[in-house]
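Novice: Take a look at this one; I'll ask things after.
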Amino acid sequence: MTLSSPGVPSPSGSREAARSVSARLPDFPWDKLTSYAERARAHPDGLVDLSVGTPVDPTPLVAQEALKGAADSPGYPLTIGRPETRQAAVDWLARTCGVIGLGIEAVLPVIGSKELIASLPGHLGIGPGDTVVYPELAYPTYEVGAVLAGATPRASDSLVSLGPERPALVWVNSPSNPTGRVLPVEHLRKMVDWCRERGVLLVSDECYVECVWEGTATSVLHPEVCGGDHTGLLAVHSLSKRSNLAGYRCAFVAGDPSVIGELLAVRKNLGLQVPGPQQVAMQAALEDDAHVAEQHTRYAARREQLKLALVGAGFRVDHSEAALYLWATRDESCWETVAWLADRGVLVAPGDFYGPAGRHHVRVAFTATDERVAAAVSRLSAAG
Ligand SMILES: Cc1ncc(COP(=O)(O)O)c(C=O)c1O
């Protein structure tokens, strides 16, 4: 390709070309919330930020100590990752999710799961003419990854409604961001069967699998869902929420060894390596369940208090059995609810960030400190 080839920017046109890639992507939603954040910040008792859902409690000591112990790290890490870290992921999947029959060749560490989700379609050669399906209410990065690869994004909760169309990739996300909904085993099994019959790759984003408050969440790799056969299936896991490790960027993808092998072959050309000290911290965090139980208790209390306060203030909370959010509505436009809460110094995410079906809901994250959650509760109680 020469510099004058179509699609290749000349040096003077490179800024325009760069803009044209970003122009293909959906608007970065959080920018739309800025004026409401200012409004909420003006509250005399300060802002309660329940919008983004970033962890605020300390990174567990077990991970901090492991990171410190591995600080001397002069050499390049391998894209495939340390065998010990991959084994810890295999053991954690078996212990926590009941996934059996995985070897370490079926696990690849990634630099936070968002990076993997955004790049996976392109890295697997999915592109123009291909369709990528994701839930109607969804984490926006599934669409970003499809669009970036030049594929057609398609939000649909019903695979049957696709008719004879054969997508290249289907995303499932249970527990769901933003709704907190958990899909039953039967539903997941039907998705696996549908994808198998058509040779479609099914990728399951399971980053909230340990953040469940009512019922149980099941991995797509569980034998009850996939019959013990991982062909055509991937599960994406992250330590960001489970272990307050969002700042370390530690996640992994596991499943069909041939797809993992292909991702590895591409990613090693791109230098997509999880730093060595982070891999050691990831191993330590995966081997420890005590900090997860502790964090679960914290979140459960915050969730309960906020849920009661929202209901007391006239909201209805739908789904929300799991993940770190309450999916709440006053049966009005989500932006009216965002404004109403901003006037009380509480910032939440409008449901339409996640798809048009969310236009009457807001997503209330319970990832604030106990003190900030108590402030939100008292403001909601005064309004109720
Ligand atoms: C559904 C879902 N997937 C993936 C991610 C990305 O997590 P991370 O990149 O921290 O692993 C998030 C973060 O909020 C999420 O909600």
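Every chain in the structure tokens has a letter given in the order shown (A, B, ...), and although residue numbers restart at 1 in each chain, ligands are simply numbered from 1 in the order shown.
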Residues near range 176-183 of chain A, anyone? I mean within 7 Å using only C-alpha atoms, not counting same-chain ones fewer than 2 positions away, as a list in words.
Specialist: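 In the requested form, the answer reads Leu137, Ala138, Tyr139, Asn173, Ser174, Val185, His187, Leu188, Ala217, His319, Ser320, Glu321, Ala322, Ala323, Tyr325, Trp327 and Arg363 of chain A.
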Novice: Write out, as CSV, each residue of chain A that has an atom at most 7 Å from ligand 1, together with the closest pair of atoms and their distance in Å to one decimal, counting only C-alpha atoms and all ligand atoms, rows going by chain and rising number.
Specialist:
residue,atom,partner,partner_atom_place_in_ligand_line,distance
A:Gly53,CA,ligand 1,14 (O),6.8
A:Gly112,CA,ligand 1,11 (O),3.9
A:Ser113,CA,ligand 1,11 (O),3.6
A:Lys114,CA,ligand 1,9 (O),3.7
A:Glu115,CA,ligand 1,9 (O),6.3
A:Tyr139,CA,ligand 1,1 (C),5.2
A:Asn173,CA,ligand 1,1 (C),6.4
A:Ser176,CA,ligand 1,1 (C),6.3
A:Asn177,CA,ligand 1,1 (C),4.9
A:Asp205,CA,ligand 1,3 (N),6.0
A:Cys207,CA,ligand 1,3 (N),5.9
A:Ser238,CA,ligand 1,11 (O),4.5
A:Leu239,CA,ligand 1,11 (O),6.5
A:Ser240,CA,ligand 1,10 (O),4.7
A:Ala246,CA,ligand 1,10 (O),5.0
A:Arg249,CA,ligand 1,10 (O),6.2
A:Cys250,CA,ligand 1,11 (O),6.5
A:Ala251,CA,ligand 1,11 (O),5.5
Novice: Emit the selected residues as a short mmCIF file (atom, residue, chain, number, x, y, z; two decimals), in the first residue's frame, including all heavy atoms.
Specialist:
data_model
loop_
_atom_site.label_atom_id
_atom_site.label_comp_id
_atom_site.auth_asym_id
_atom_site.auth_seq_id
_atom_site.Cartn_x
_atom_site.Cartn_y
_atom_site.Cartn_z
N GLY A 53 -19.18 3.53 38.53
CA GLY A 53 -19.06 2.18 39.09
C GLY A 53 -17.63 1.72 39.23
O GLY A 53 -17.32 0.54 39.02
N GLY A 112 -6.92 -5.96 31.27
CA GLY A 112 -8.27 -5.50 31.57
C GLY A 112 -9.19 -6.04 30.50
O GLY A 112 -8.80 -6.21 29.34
N SER A 113 -10.44 -6.33 30.86
CA SER A 113 -11.29 -7.00 29.87
C SER A 113 -11.83 -6.02 28.82
O SER A 113 -12.18 -6.43 27.72
CB SER A 113 -12.42 -7.77 30.54
OG SER A 113 -13.25 -6.92 31.27
N LYS A 114 -11.87 -4.73 29.11
CA LYS A 114 -12.37 -3.77 28.12
C LYS A 114 -11.50 -3.80 26.86
O LYS A 114 -12.02 -3.77 25.73
CB LYS A 114 -12.40 -2.36 28.72
CG LYS A 114 -12.93 -1.33 27.76
CD LYS A 114 -13.24 -0.02 28.45
CE LYS A 114 -13.74 0.99 27.45
NZ LYS A 114 -14.53 2.06 28.05
N GLU A 115 -10.21 -3.85 27.07
CA GLU A 115 -9.26 -3.90 25.94
C GLU A 115 -9.56 -5.12 25.06
O GLU A 115 -9.62 -5.02 23.82
CB GLU A 115 -7.85 -3.94 26.54
CG GLU A 115 -6.72 -4.27 25.60
CD GLU A 115 -6.37 -5.74 25.55
OE1 GLU A 115 -6.06 -6.35 26.59
OE2 GLU A 115 -6.40 -6.27 24.44
N TYR A 139 -23.27 -3.13 27.90
CA TYR A 139 -22.00 -2.44 28.04
C TYR A 139 -21.59 -1.94 26.63
O TYR A 139 -21.56 -2.74 25.68
CB TYR A 139 -21.02 -3.47 28.58
CG TYR A 139 -19.61 -3.02 28.84
CD1 TYR A 139 -19.33 -1.97 29.70
CD2 TYR A 139 -18.54 -3.69 28.23
CE1 TYR A 139 -18.02 -1.59 29.94
CE2 TYR A 139 -17.23 -3.31 28.47
CZ TYR A 139 -16.98 -2.26 29.33
OH TYR A 139 -15.70 -1.88 29.56
N ASN A 173 -23.87 -11.41 28.30
CA ASN A 173 -23.31 -10.80 29.50
C ASN A 173 -24.24 -11.07 30.68
O ASN A 173 -25.24 -10.40 30.85
CB ASN A 173 -23.15 -9.28 29.27
CG ASN A 173 -22.71 -8.51 30.50
OD1 ASN A 173 -23.18 -7.40 30.75
ND2 ASN A 173 -21.83 -9.07 31.28
N SER A 176 -25.65 -9.05 34.07
CA SER A 176 -25.60 -7.96 33.09
C SER A 176 -25.22 -6.61 33.68
O SER A 176 -25.68 -6.24 34.76
CB SER A 176 -26.98 -7.85 32.43
OG SER A 176 -27.25 -6.53 32.03
N ASN A 177 -24.41 -5.90 32.95
CA ASN A 177 -24.29 -4.47 33.10
C ASN A 177 -25.11 -3.91 31.93
O ASN A 177 -24.81 -4.25 30.78
CB ASN A 177 -22.82 -4.04 32.97
CG ASN A 177 -22.65 -2.54 32.98
OD1 ASN A 177 -23.58 -1.80 33.28
ND2 ASN A 177 -21.45 -2.08 32.67
N ASP A 205 -19.29 -12.50 28.59
CA ASP A 205 -18.60 -11.57 29.50
C ASP A 205 -19.14 -11.84 30.91
O ASP A 205 -20.30 -11.54 31.21
CB ASP A 205 -18.90 -10.14 29.03
CG ASP A 205 -18.24 -9.09 29.91
OD1 ASP A 205 -17.66 -9.44 30.95
OD2 ASP A 205 -18.33 -7.90 29.54
N CYS A 207 -17.78 -10.84 33.97
CA CYS A 207 -16.96 -10.13 34.94
C CYS A 207 -17.66 -9.90 36.29
O CYS A 207 -17.01 -9.54 37.27
CB CYS A 207 -16.42 -8.83 34.35
SG CYS A 207 -17.65 -7.58 34.07
N SER A 238 -12.72 -10.76 34.75
CA SER A 238 -11.94 -9.59 35.16
C SER A 238 -11.77 -9.59 36.67
O SER A 238 -12.67 -10.01 37.39
CB SER A 238 -12.67 -8.33 34.73
OG SER A 238 -12.07 -7.20 35.31
N LEU A 239 -10.61 -9.09 37.12
CA LEU A 239 -10.42 -8.96 38.57
C LEU A 239 -10.76 -7.56 39.07
O LEU A 239 -10.66 -7.27 40.25
CB LEU A 239 -8.98 -9.33 38.96
CG LEU A 239 -8.77 -10.85 38.98
CD1 LEU A 239 -8.44 -11.38 37.60
CD2 LEU A 239 -7.71 -11.24 39.97
N SER A 240 -11.17 -6.68 38.14
CA SER A 240 -11.42 -5.28 38.51
C SER A 240 -12.45 -5.17 39.62
O SER A 240 -12.26 -4.44 40.60
CB SER A 240 -11.93 -4.50 37.30
OG SER A 240 -10.92 -4.42 36.33
N ALA A 246 -9.17 -2.72 39.58
CA ALA A 246 -9.37 -2.03 38.30
C ALA A 246 -8.10 -1.27 37.89
O ALA A 246 -7.78 -1.18 36.70
CB ALA A 246 -10.57 -1.10 38.37
N ARG A 249 -5.39 -3.45 35.94
CA ARG A 249 -5.77 -3.95 34.61
C ARG A 249 -5.46 -5.45 34.48
O ARG A 249 -4.56 -5.86 33.74
CB ARG A 249 -5.06 -3.17 33.47
CG ARG A 249 -5.12 -1.66 33.56
CD ARG A 249 -6.52 -1.10 33.79
NE ARG A 249 -7.45 -1.37 32.73
CZ ARG A 249 -8.67 -1.91 32.95
NH1 ARG A 249 -9.08 -2.23 34.17
NH2 ARG A 249 -9.49 -2.10 31.95
N CYS A 250 -6.17 -6.24 35.24
CA CYS A 250 -5.96 -7.70 35.25
C CYS A 250 -7.25 -8.42 34.86
O CYS A 250 -8.26 -8.30 35.56
CB CYS A 250 -5.54 -8.17 36.63
SG CYS A 250 -3.89 -7.65 37.09
N ALA A 251 -7.19 -9.17 33.78
CA ALA A 251 -8.35 -9.94 33.34
C ALA A 251 -7.83 -11.13 32.54
O ALA A 251 -6.63 -11.23 32.27
CB ALA A 251 -9.26 -9.07 32.48
#
Novice: Considering only C-alpha atoms, can you say which of A:Cys334, A:Leu245, A:Leu50, A:Cys97 comes closest to Thr218 in chain A?
Specialist: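 Of A:Cys334, A:Leu245, A:Leu50, A:Cys97, the one nearest Thr218 in chain A, counting only C-alpha atoms, is A:Cys97.
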Novice: Tell me, as a PyMOL selection string, which residues lie within 12 Å of Leu326 in chain A, counting only C-alpha atoms; anything in the same chain fewer than 6 positions away does not count.
Specialist: chain A and resi 50-51+53+176-181+213+299-300+302-311+315-320+348-351+361-367
Novice: Step one, run DSSP on the backbone; step two, keep only residues of range 35-280 of chain A assigned to helix (DSSP H, G or I); then write them as a ChimeraX atom specification.
Specialist: /A:35-41,61-69,83-97,104-106,113-123,141-148,160-162,185-198,223-226,246-248,257-270,276-280
Novice: Would you please work out which residue, of A:Glu336, A:Leu102, A:Leu324, A:Thr96, is nearest to Val52 in chain A when using only C-alpha atoms?
Specialist: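 Among the listed residues, the smallest separation from Val52 in chain A belongs to A:Leu324.
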Novice: Could you check the closest approach to Gly228 in chain A for each of A:Ala375, A:Ala118, A:Ala42, A:Val99 and tell me which residue wins, using only C-alpha atoms?
Specialist: A:Val99
Novice: Using only C-alpha atoms, determine which residues lie at most 10 Å from Arg242 in chain A, disregarding the query and same-chain residues fewer than 4 positions distant; provide the list as a list in words.
Specialist: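 Once the adjacent positions are removed, what remains is Pro55, Cys207, Tyr208, Val209, Glu210, Cys211, His237, Ser238, Ala246, Ala285, Leu286, Asp289, His291, Val292, Ala293, Gln295 and His296 of chain A.
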